[in-house]
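Structure file query-v7.txt (compact mmCIF, C-alpha atoms) is printed below.
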```txt
# COMPACT_ATOMS: atom_id res chain seq x y z
CA MET Y 1 85.73 157.75 125.23
CA GLY Y 2 89.27 157.59 124.02
CA ASN Y 3 90.83 158.73 127.24
CA SER Y 4 88.67 156.39 129.28
CA SER Y 5 90.75 153.51 127.94
CA SER Y 6 93.63 154.76 130.03
CA LYS Y 7 91.44 155.67 132.99
CA PRO Y 8 89.23 153.36 135.03
CA ARG Y 9 85.80 152.74 133.55
CA GLY Y 10 83.11 155.02 134.88
CA GLN Y 11 85.07 158.20 135.33
CA VAL Y 12 83.33 161.53 135.06
CA THR Y 13 85.74 163.97 133.44
CA GLU Y 14 85.90 167.75 133.61
CA GLN Y 15 84.44 167.85 130.11
CA ASP Y 16 81.48 165.82 131.30
CA LYS Y 17 80.89 168.34 134.05
CA ALA Y 18 81.09 171.17 131.55
CA ILE Y 19 78.57 169.42 129.32
CA LEU Y 20 76.29 168.88 132.28
CA ASP Y 21 76.46 172.59 133.11
CA LEU Y 22 75.51 173.45 129.55
CA LYS Y 23 72.65 171.00 129.59
CA LEU Y 24 71.41 172.22 132.95
CA GLN Y 25 71.39 175.74 131.57
CA ARG Y 26 69.38 174.48 128.65
CA ASP Y 27 66.94 172.78 131.04
CA ARG Y 28 66.54 176.05 132.92
CA LEU Y 29 65.67 177.85 129.70
CA HIS Y 30 63.32 175.04 128.81
CA ARG Y 31 61.49 175.45 132.12
CA TYR Y 32 61.44 179.22 131.69
CA GLN Y 33 59.83 178.83 128.29
CA ARG Y 34 57.15 176.64 129.72
CA GLN Y 35 56.48 179.19 132.39
CA ILE Y 36 56.25 182.02 129.87
CA THR Y 37 53.93 180.02 127.66
CA VAL Y 38 51.58 179.63 130.60
CA LEU Y 39 51.79 183.40 131.21
CA THR Y 40 51.06 184.36 127.64
CA ASP Y 41 48.05 182.08 127.61
CA LYS Y 42 46.85 183.75 130.79
CA GLU Y 43 47.31 187.25 129.36
CA THR Y 44 45.24 186.32 126.35
CA ASP Y 45 42.49 185.18 128.70
CA VAL Y 46 42.74 188.39 130.68
CA ALA Y 47 42.54 190.48 127.51
CA ARG Y 48 39.46 188.56 126.39
CA GLN Y 49 37.75 189.05 129.74
CA MET Y 50 38.58 192.76 129.83
CA LEU Y 51 37.28 193.21 126.34
CA ALA Y 52 34.06 191.46 127.33
CA LYS Y 53 33.72 193.90 130.17
CA GLY Y 54 34.35 196.77 127.81
CA ASP Y 55 37.65 197.73 129.44
CA LYS Y 56 39.63 198.28 126.28
CA ARG Y 57 42.56 199.94 128.03
CA ARG Y 58 43.28 196.96 130.24
CA ALA Y 59 42.77 194.51 127.42
CA LEU Y 60 45.39 196.42 125.48
CA LEU Y 61 47.71 196.35 128.46
CA ALA Y 62 47.35 192.59 128.79
CA LEU Y 63 48.07 192.12 125.11
CA ARG Y 64 51.14 194.35 125.41
CA ARG Y 65 52.40 192.26 128.29
CA LYS Y 66 51.78 189.18 126.21
CA LYS Y 67 53.69 190.69 123.30
CA TYR Y 68 56.63 191.43 125.58
CA GLN Y 69 56.63 187.91 126.92
CA GLU Y 70 56.56 186.58 123.43
CA THR Y 71 59.70 188.55 122.55
CA LEU Y 72 61.30 187.03 125.64
CA LEU Y 73 60.26 183.65 124.36
CA SER Y 74 61.86 184.15 120.99
CA GLN Y 75 65.00 185.45 122.68
CA THR Y 76 65.22 182.35 124.82
CA ASP Y 77 64.68 180.28 121.71
CA ALA Y 78 67.79 181.84 120.19
CA GLN Y 79 69.72 181.28 123.40
CA LEU Y 80 68.54 177.74 123.56
CA ALA Y 81 69.73 177.10 120.04
CA GLN Y 82 73.09 178.61 120.90
CA LEU Y 83 73.44 176.45 123.96
CA GLU Y 84 72.51 173.33 122.08
CA GLN Y 85 74.97 174.19 119.35
CA LEU Y 86 77.72 174.67 121.86
CA THR Y 87 76.88 171.43 123.61
CA SER Y 88 76.97 169.44 120.43
CA LYS Y 89 80.24 171.17 119.45
CA VAL Y 90 81.81 170.12 122.73
CA GLU Y 91 80.53 166.58 122.30
CA PHE Y 92 81.80 166.47 118.75
CA ALA Y 93 85.19 167.78 119.83
CA GLN Y 94 85.33 164.97 122.35
CA ILE Y 95 84.70 162.48 119.60
CA GLN Y 96 87.37 164.11 117.45
CA LYS Y 97 89.78 163.79 120.31
CA ASP Y 98 88.93 160.11 120.49
CA VAL Y 99 89.52 159.71 116.77
CA VAL Y 100 92.92 161.42 116.98
CA PHE Y 101 93.80 159.27 119.93
CA GLY Y 102 92.79 156.18 117.99
CA LEU Y 103 94.83 157.22 114.97
CA GLN Y 104 97.82 157.86 117.20
CA GLN Y 105 97.58 154.44 118.75
CA GLY Y 106 97.15 152.78 115.39
CA THR Y 107 100.15 154.55 113.89
CA LYS Y 108 102.28 153.64 116.87
CA VAL Y 109 101.42 149.98 116.56
CA LEU Y 110 101.97 150.05 112.82
CA THR Y 111 105.48 151.57 113.12
CA GLN Y 112 106.29 149.10 115.84
CA ILE Y 113 105.31 146.20 113.62
CA HIS Y 114 107.32 147.67 110.73
CA ALA Y 115 110.35 147.97 112.98
CA GLU Y 116 109.94 144.31 113.92
CA MET Y 117 109.89 143.40 110.24
CA GLY Y 118 113.28 145.13 109.78
CA GLY Y 119 112.71 147.57 106.94
CA ILE Y 120 112.14 147.24 103.22
CA GLU Y 121 115.57 145.84 102.31
CA GLN Y 122 115.09 143.09 104.79
CA VAL Y 123 111.74 142.20 103.25
CA GLU Y 124 113.22 142.34 99.73
CA LYS Y 125 116.03 140.08 100.75
CA LEU Y 126 113.61 137.73 102.40
CA MET Y 127 111.39 137.66 99.33
CA GLY Y 128 114.44 136.87 97.18
CA GLU Y 129 115.41 134.05 99.46
CA THR Y 130 111.88 132.70 99.43
CA ALA Y 131 111.83 132.73 95.64
CA ASP Y 132 115.17 130.91 95.57
CA ALA Y 133 113.94 128.33 98.01
CA ILE Y 134 110.77 127.78 96.01
CA ALA Y 135 112.75 127.37 92.79
CA TYR Y 136 115.08 124.91 94.46
CA GLN Y 137 112.16 122.92 95.81
CA GLN Y 138 110.66 122.87 92.32
CA GLU Y 139 113.89 121.51 90.92
CA ILE Y 140 113.96 118.71 93.48
CA SER Y 141 110.34 117.84 92.79
CA ASP Y 142 110.98 117.72 89.04
CA MET Y 143 113.96 115.47 89.52
CA LEU Y 144 112.19 113.07 91.81
CA GLY Y 145 109.01 113.25 89.79
CA GLY Y 146 110.82 112.34 86.55
CA LYS Y 147 112.39 109.23 88.07
CA LEU Y 148 109.24 108.06 89.62
CA THR Y 149 107.18 108.27 86.47
CA ALA Y 150 109.69 106.26 84.45
CA GLN Y 151 109.67 103.49 87.00
CA ASP Y 152 106.06 103.37 87.93
CA ASP Y 153 104.15 104.37 84.83
CA GLU Y 154 103.75 100.81 83.68
CA GLU Y 155 102.62 99.58 87.06
CA VAL Y 156 100.13 102.38 87.37
CA ASP Y 157 98.76 101.64 83.92
CA GLU Y 158 98.38 97.99 84.84
CA GLU Y 159 96.59 98.80 88.00
CA LEU Y 160 94.25 101.07 86.09
CA GLU Y 161 93.49 98.34 83.58
CA ALA Y 162 92.81 95.85 86.36
CA LEU Y 163 90.44 98.29 87.98
CA GLU Y 164 88.66 98.92 84.70
CA ARG Y 165 88.30 95.19 84.09
CA GLU Y 166 86.93 94.67 87.54
CA MET Y 167 84.36 97.41 87.08
CA ALA Y 168 83.31 96.45 83.56
CA GLY Y 169 83.16 92.65 84.19
CA GLY Y 170 81.53 92.66 87.59
CA ASP Y 171 79.18 89.71 86.75
CA LYS Y 172 81.86 87.66 84.96
CA THR Y 173 83.71 87.00 88.18
CA VAL Y 174 80.76 84.87 89.34
CA ASP Y 175 80.94 82.70 86.20
CA GLU Y 176 84.61 82.18 86.65
CA LEU Y 177 84.16 80.51 90.02
CA PRO Y 178 85.05 76.79 89.97
CA SER Y 179 82.05 74.53 89.44
CA VAL Y 180 80.76 72.19 92.08
CA PRO Y 181 82.18 68.64 91.55
CA ASP Y 182 79.53 66.01 90.65
CA ALA Y 183 81.53 62.94 91.63
CA ASN Y 184 81.46 61.53 95.11
CA LEU Y 185 84.62 61.41 97.12
CA PRO Y 186 86.04 57.89 97.65
CA GLU Y 187 85.47 57.86 101.48
CA ARG Y 188 81.94 59.08 101.02
CA GLU Y 189 81.28 56.17 98.67
CA ARG Y 190 82.16 53.73 101.39
CA GLU Y 191 79.81 55.47 103.73
CA GLN Y 192 77.09 55.35 101.11
CA GLN Y 193 77.54 51.65 100.74
CA ALA Y 194 77.06 51.31 104.50
CA ALA Y 195 73.83 53.29 104.40
CA ARG Y 196 72.22 52.58 101.08
CA GLU Y 197 68.71 53.44 102.20
CA ALA Y 198 69.53 57.08 103.06
CA GLN Y 199 71.51 57.64 99.86
CA ALA Y 200 69.22 60.23 98.42
CA GLN Y 201 69.29 62.39 101.54
CA ALA Y 202 73.02 61.84 102.11
CA GLN Y 203 73.80 63.02 98.62
CA LYS Y 204 71.79 66.18 99.12
CA GLN Y 205 73.70 66.96 102.30
CA GLU Y 206 77.11 66.14 100.95
CA GLN Y 207 76.92 68.21 97.83
CA PRO Y 208 76.86 71.55 99.65
CA LEU Y 209 79.56 70.26 101.99
CA ALA Y 210 81.81 69.44 99.08
CA ALA Y 211 81.25 72.80 97.56
CA MET D 212 50.76 166.63 138.42
CA SER D 213 49.07 163.63 139.97
CA THR D 214 45.85 165.50 140.66
CA ALA D 215 45.54 166.58 137.05
CA ILE D 216 45.82 163.00 135.89
CA GLN D 217 43.27 161.72 138.37
CA THR D 218 40.56 164.07 137.22
CA GLU D 219 41.42 163.75 133.59
CA ALA D 220 41.13 159.97 133.34
CA GLY D 221 39.55 159.11 136.70
CA ASP D 222 36.47 157.53 135.20
CA THR D 223 38.13 155.57 132.43
CA PHE D 224 39.88 153.19 134.81
CA PRO D 225 37.86 149.96 134.86
CA PHE D 226 37.29 149.38 138.55
CA PRO D 227 36.78 145.75 139.58
CA LYS D 228 33.37 144.54 140.71
CA ASP D 229 34.45 144.60 144.35
CA TYR D 230 34.75 148.37 144.13
CA SER D 231 30.97 148.71 143.99
CA PHE D 232 30.57 146.36 146.93
CA PRO D 233 30.13 148.39 150.17
CA ALA D 234 31.78 145.78 152.40
CA PHE D 235 34.94 146.23 150.36
CA PHE D 236 35.36 149.58 152.12
CA THR D 237 34.95 148.22 155.62
CA ARG D 238 37.87 146.62 157.36
CA GLN D 239 37.04 142.93 157.65
CA PRO D 240 37.33 141.60 161.22
CA ASN D 241 37.99 137.99 160.20
CA LEU D 242 41.74 137.52 159.72
CA GLN D 243 41.42 135.46 156.56
CA THR D 244 38.83 137.71 155.00
CA HIS D 245 40.90 140.72 155.90
CA HIS D 246 43.92 139.25 154.20
CA ALA D 247 41.89 138.58 151.05
CA GLN D 248 40.58 142.13 151.24
CA LEU D 249 44.09 143.55 151.47
CA GLU D 250 45.21 141.47 148.50
CA LYS D 251 42.32 142.74 146.40
CA TRP D 252 42.92 146.33 147.40
CA SER D 253 46.61 145.90 146.69
CA ALA D 254 45.93 144.65 143.17
CA LEU D 255 43.44 147.46 142.65
CA VAL D 256 45.85 150.18 143.82
CA LEU D 257 48.64 148.86 141.60
CA ALA D 258 46.40 148.61 138.56
CA TYR D 259 44.98 152.05 139.24
CA ALA D 260 48.41 153.61 139.65
CA ARG D 261 49.67 151.91 136.50
CA HIS D 262 46.64 153.09 134.56
CA HIS D 263 47.12 156.70 135.64
CA ARG D 264 50.90 156.50 135.79
CA LEU D 265 50.77 157.55 139.42
CA PHE D 266 54.09 157.49 141.20
CA ARG D 267 52.96 158.78 144.57
CA LEU D 268 49.88 158.01 146.59
CA SER D 269 48.62 159.07 149.99
CA PRO D 270 46.29 157.13 152.31
CA THR D 271 43.67 159.81 151.67
CA HIS D 272 43.85 159.50 147.90
CA PRO D 273 40.49 159.64 146.05
CA VAL D 274 40.90 156.04 144.97
CA PHE D 275 39.97 155.06 148.52
CA HIS D 276 36.73 156.99 148.24
CA ASN D 277 33.90 155.64 146.17
CA LYS D 278 31.72 158.70 145.60
CA LYS D 279 28.94 156.70 143.96
CA LEU D 280 28.56 154.49 147.00
CA ASP D 281 29.57 157.29 149.35
CA ARG D 282 31.92 154.84 150.97
CA ARG D 283 35.44 155.48 152.08
CA PHE D 284 38.26 153.12 152.92
CA ALA D 285 39.20 154.92 156.12
CA GLU D 286 42.65 156.44 156.38
CA PRO D 287 43.95 154.06 159.09
CA ASP D 288 42.74 151.10 157.01
CA ALA D 289 44.40 152.53 153.91
CA ARG D 290 47.55 153.06 155.91
CA GLU D 291 47.40 149.44 157.01
CA LEU D 292 46.93 148.40 153.38
CA LEU D 293 49.93 150.44 152.25
CA GLU D 294 51.99 148.93 155.04
CA HIS D 295 50.90 145.50 153.82
CA MET D 296 52.01 146.45 150.29
CA ARG D 297 55.30 147.77 151.59
CA LYS D 298 56.12 144.31 152.90
CA ASP D 299 55.72 143.02 149.34
CA GLY D 300 58.05 145.72 148.08
CA ARG D 301 55.21 147.34 146.15
CA VAL D 302 55.28 150.71 147.86
CA GLU D 303 57.76 152.73 149.86
CA TRP D 304 56.92 155.39 152.41
CA VAL D 305 58.04 158.95 151.82
CA GLY D 306 56.68 161.04 154.66
CA ASN D 307 52.91 160.78 154.52
CA GLU D 308 52.85 159.32 151.04
CA VAL D 309 54.16 156.25 149.33
CA PHE D 310 55.93 155.63 146.06
CA VAL D 311 53.79 153.13 144.21
CA TYR D 312 55.97 150.62 142.43
CA TRP D 313 53.68 149.24 139.75
CA ARG D 314 57.08 148.94 138.16
CA LYS D 315 59.94 148.44 140.55
CA PRO D 316 62.99 150.71 140.39
CA GLU D 317 65.16 147.84 139.19
CA ASP D 318 62.73 147.26 136.33
CA TRP D 319 62.85 150.96 135.48
CA ALA D 320 66.62 150.66 135.58
CA ARG D 321 66.50 147.88 133.00
CA LYS D 322 64.20 149.94 130.77
CA LEU D 323 66.54 152.92 131.03
CA GLU D 324 69.56 150.82 130.28
CA LYS D 325 67.93 149.40 127.19
CA TRP D 326 66.91 152.86 126.01
CA VAL D 327 70.45 154.17 126.48
CA GLU D 328 71.73 151.18 124.57
CA ASP D 329 69.19 151.51 121.77
CA THR D 330 69.76 155.23 121.33
CA ALA D 331 73.56 154.87 121.52
CA GLN D 332 73.91 157.25 124.44
CA LYS D 333 76.59 155.37 126.28
CA GLY D 334 79.27 157.75 127.46
CA HIS D 335 76.88 160.65 127.10
CA VAL D 336 75.92 163.07 129.81
CA LEU D 337 72.21 163.56 130.38
CA THR D 338 70.39 165.69 132.91
CA LEU D 339 67.70 164.03 135.01
CA TYR D 340 65.28 166.70 133.86
CA GLU D 341 66.08 165.79 130.30
CA ILE D 342 65.18 162.15 130.93
CA THR D 343 61.77 162.83 132.45
CA GLU D 344 60.80 166.01 130.60
CA GLY D 345 63.01 166.30 127.56
CA GLU D 346 61.93 165.87 123.97
CA ALA D 347 64.28 162.93 123.52
CA THR D 348 62.22 160.71 125.81
CA LEU D 349 58.83 161.66 124.39
CA GLY D 350 57.01 158.43 123.69
CA THR D 351 59.12 156.40 126.10
CA GLU D 352 57.65 155.05 129.29
CA PHE D 353 59.82 157.09 131.59
CA HIS D 354 58.76 160.42 130.12
CA GLY D 355 57.04 162.26 132.94
CA MET D 356 58.11 159.82 135.60
CA ASP D 357 58.67 160.88 139.17
CA GLY D 358 62.13 162.39 139.64
CA GLU D 359 62.83 160.54 142.84
CA VAL D 360 61.78 157.18 141.45
CA LEU D 361 64.03 157.90 138.48
CA LEU D 362 66.87 158.62 140.88
CA LYS D 363 66.25 155.30 142.61
CA ALA D 364 66.31 153.49 139.30
CA LEU D 365 69.52 155.26 138.28
CA ASN D 366 71.10 154.34 141.59
CA HIS D 367 70.54 150.70 140.66
CA LEU D 368 72.57 151.30 137.51
CA VAL D 369 75.23 153.11 139.53
CA LYS D 370 75.51 150.12 141.83
CA ARG D 371 76.08 147.88 138.84
CA GLY D 372 78.68 150.27 137.45
CA ARG D 373 76.55 151.20 134.43
CA ALA D 374 76.09 154.86 135.29
CA GLN D 375 77.44 157.64 137.41
CA ILE D 376 75.42 160.44 138.92
CA PHE D 377 77.05 163.81 139.47
CA GLY D 378 76.23 167.48 139.92
CA GLN D 379 74.35 169.34 142.61
CA ASP D 380 71.27 168.20 144.47
CA ASP D 381 68.65 169.87 142.33
CA SER D 382 70.62 169.82 139.11
CA LEU D 383 71.82 166.28 138.72
CA GLY D 384 73.23 164.68 135.68
CA VAL D 385 74.02 161.13 134.81
CA LYS D 386 76.60 159.55 132.59
CA PHE D 387 75.94 156.07 131.23
CA PHE D 388 78.59 153.49 130.55
```
Kindly present the structure from the file in structure tokens form.
Amino acid sequence: MGNSSSKPRGQVTEQDKAILDLKLQRDRLHRYQRQITVLTDKETDVARQMLAKGDKRRALLALRRKKYQETLLSQTDAQLAQLEQLTSKVEFAQIQKDVVFGLQQGTKVLTQIHAEMGGIEQVEKLMGETADAIAYQQEISDMLGGKLTAQDDEEVDEELEALEREMAGGDKTVDELPSVPDANLPEREREQQAAREAQAQAQKQEQPLAA
Amino acid sequence: MSTAIQTEAGDTFPFPKDYSFPAFFTRQPNLQTHHAQLEKWSALVLAYARHHRLFRLSPTHPVFHNKKLDRRFAEPDARELLEHMRKDGRVEWVGNEVFVYWRKPEDWARKLEKWVEDTAQKGHVLTLYEITEGEATLGTEFHGMDGEVLLKALNHLVKRGRAQIFGQDDSLGVKFF
């Protein structure tokens, strides 16, 4: 409910009470119809019994009563429809009220925000200033950008080439490693002379050490 | 209303085996046996009431009388049983009868709340008659439910701030939030 936003939650309004009254009236008619339906069924039974007994006059009377009750029934039907129509109209009007309330609120907020923005001229001016600032920034970027490229283009190209070489010649780098020296170091030779017998083993150990 | 339902579907309810056991209708003197007897009767009464959608029951209800066996669970014994069930929150005395809660009012309240939610009737005003007898609730479980049990269920919603009941005593309405 639109007006419930300003009132505490769970408030029964006058409109609600009016709707309840309408619906209670409808319930009463509903009950009445049920009652009449029972009656008409009974009258039909009575008429059948009377006819079986040969009492045509009473059978006719019962059927007349039934006919009358049926007209009542159709009248209540019309009333019921009217009541239901009215109820739904009231409910719809409530919703409409909510919608109007919502629109009102929305418009209020919108105007408030517009006021905070300071009107169209203000926005135009601001947009102009923004464009100027962007253009100025562009100019600065161009200037700086131009200088930087002149200085660094070569270096960048070199770096690119180095990278390309590295990627293309991945295996070559292994070949370019210095080879393991074959010759024994002078101190080692003295050691070898001291331990001639273990020369073969010593050499095997020393070679990886030298590498 | 309740009598019509009893006769209409009275024989379709599948009674448990115990129901054709004569001793089942005699109050058991042994405390333990008596307790077991009460538990069985309690389950039977709840199942029976659920089956027939009975909301009220008296200690002289036909369910306590097995015509085939010509045995009767005597009224004082039935009263004792109902009192036993009351302690479990399964029935509530109203004069000489009880409300049988095969579904407790708070569970009814939840069902109602869900229905109101599902049918987008929040903020709407409904009459209590409309809820139990109206066309809108045809096919729902609370169609044809006892008015007073409904009121109890609604009061649960009121307590939780989900509904408000207003109007006169015999013409109440409820608004859901």
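Considering the residues Y:Gln85, Y:Thr37, Y:Gln94, Y:Gln122 and counting only C-alpha atoms, chain D has its shortest atom-to-atom contact with Y:Gln94.
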Best match for closeness to Asp357 (chain D) among D:Trp304, D:Phe235, D:Tyr259, D:Trp319, counting all atoms listed in the file: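 Going through D:Trp304, D:Phe235, D:Tyr259, D:Trp319 one by one, the smallest distance to Asp357 (chain D) is for D:Trp319.
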Just the number, please: distance in Å from CA of Lys315 (chain D) to CA of Ala364 (chain D), one decimal.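 CA of Ala364 (chain D) lies 8.2 Å from CA of Lys315 (chain D).
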Determine the axis-aligned bounding box of all atoms of region 80-92 of chain Y present in the file, pad each side by 5 Å, and express its centre and edge lengths in Å to one decimal place as AutoDock Vina command-line options.
```
--center_x 75.2 --center_y 172.5 --center_z 121.4 --size_x 23.3 --size_y 22.1 --size_z 15.2
```
Which of these residues is nearest to chain Y, using all atoms listed in the file: D:Leu368, D:Val309, D:Val336, D:Leu349?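 Checking each candidate against chain Y, we get D:Val336 as the closest.
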For chain D, list the residues within 12 Å of chain Y, counting only C-alpha atoms, and write the list as a PyMOL selection string. chain D and resi 332-346+368-379+381-388
Quick one: everything within 8 Å of Thr44 (chain Y), counting only C-alpha atoms, minus sequence neighbours fewer than 3 positions away in the same chain. Send it as a list in words.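 Selected residues are Thr40, Asp41, Ala47, Arg48, Ala62, Leu63 and Lys66 of chain Y.
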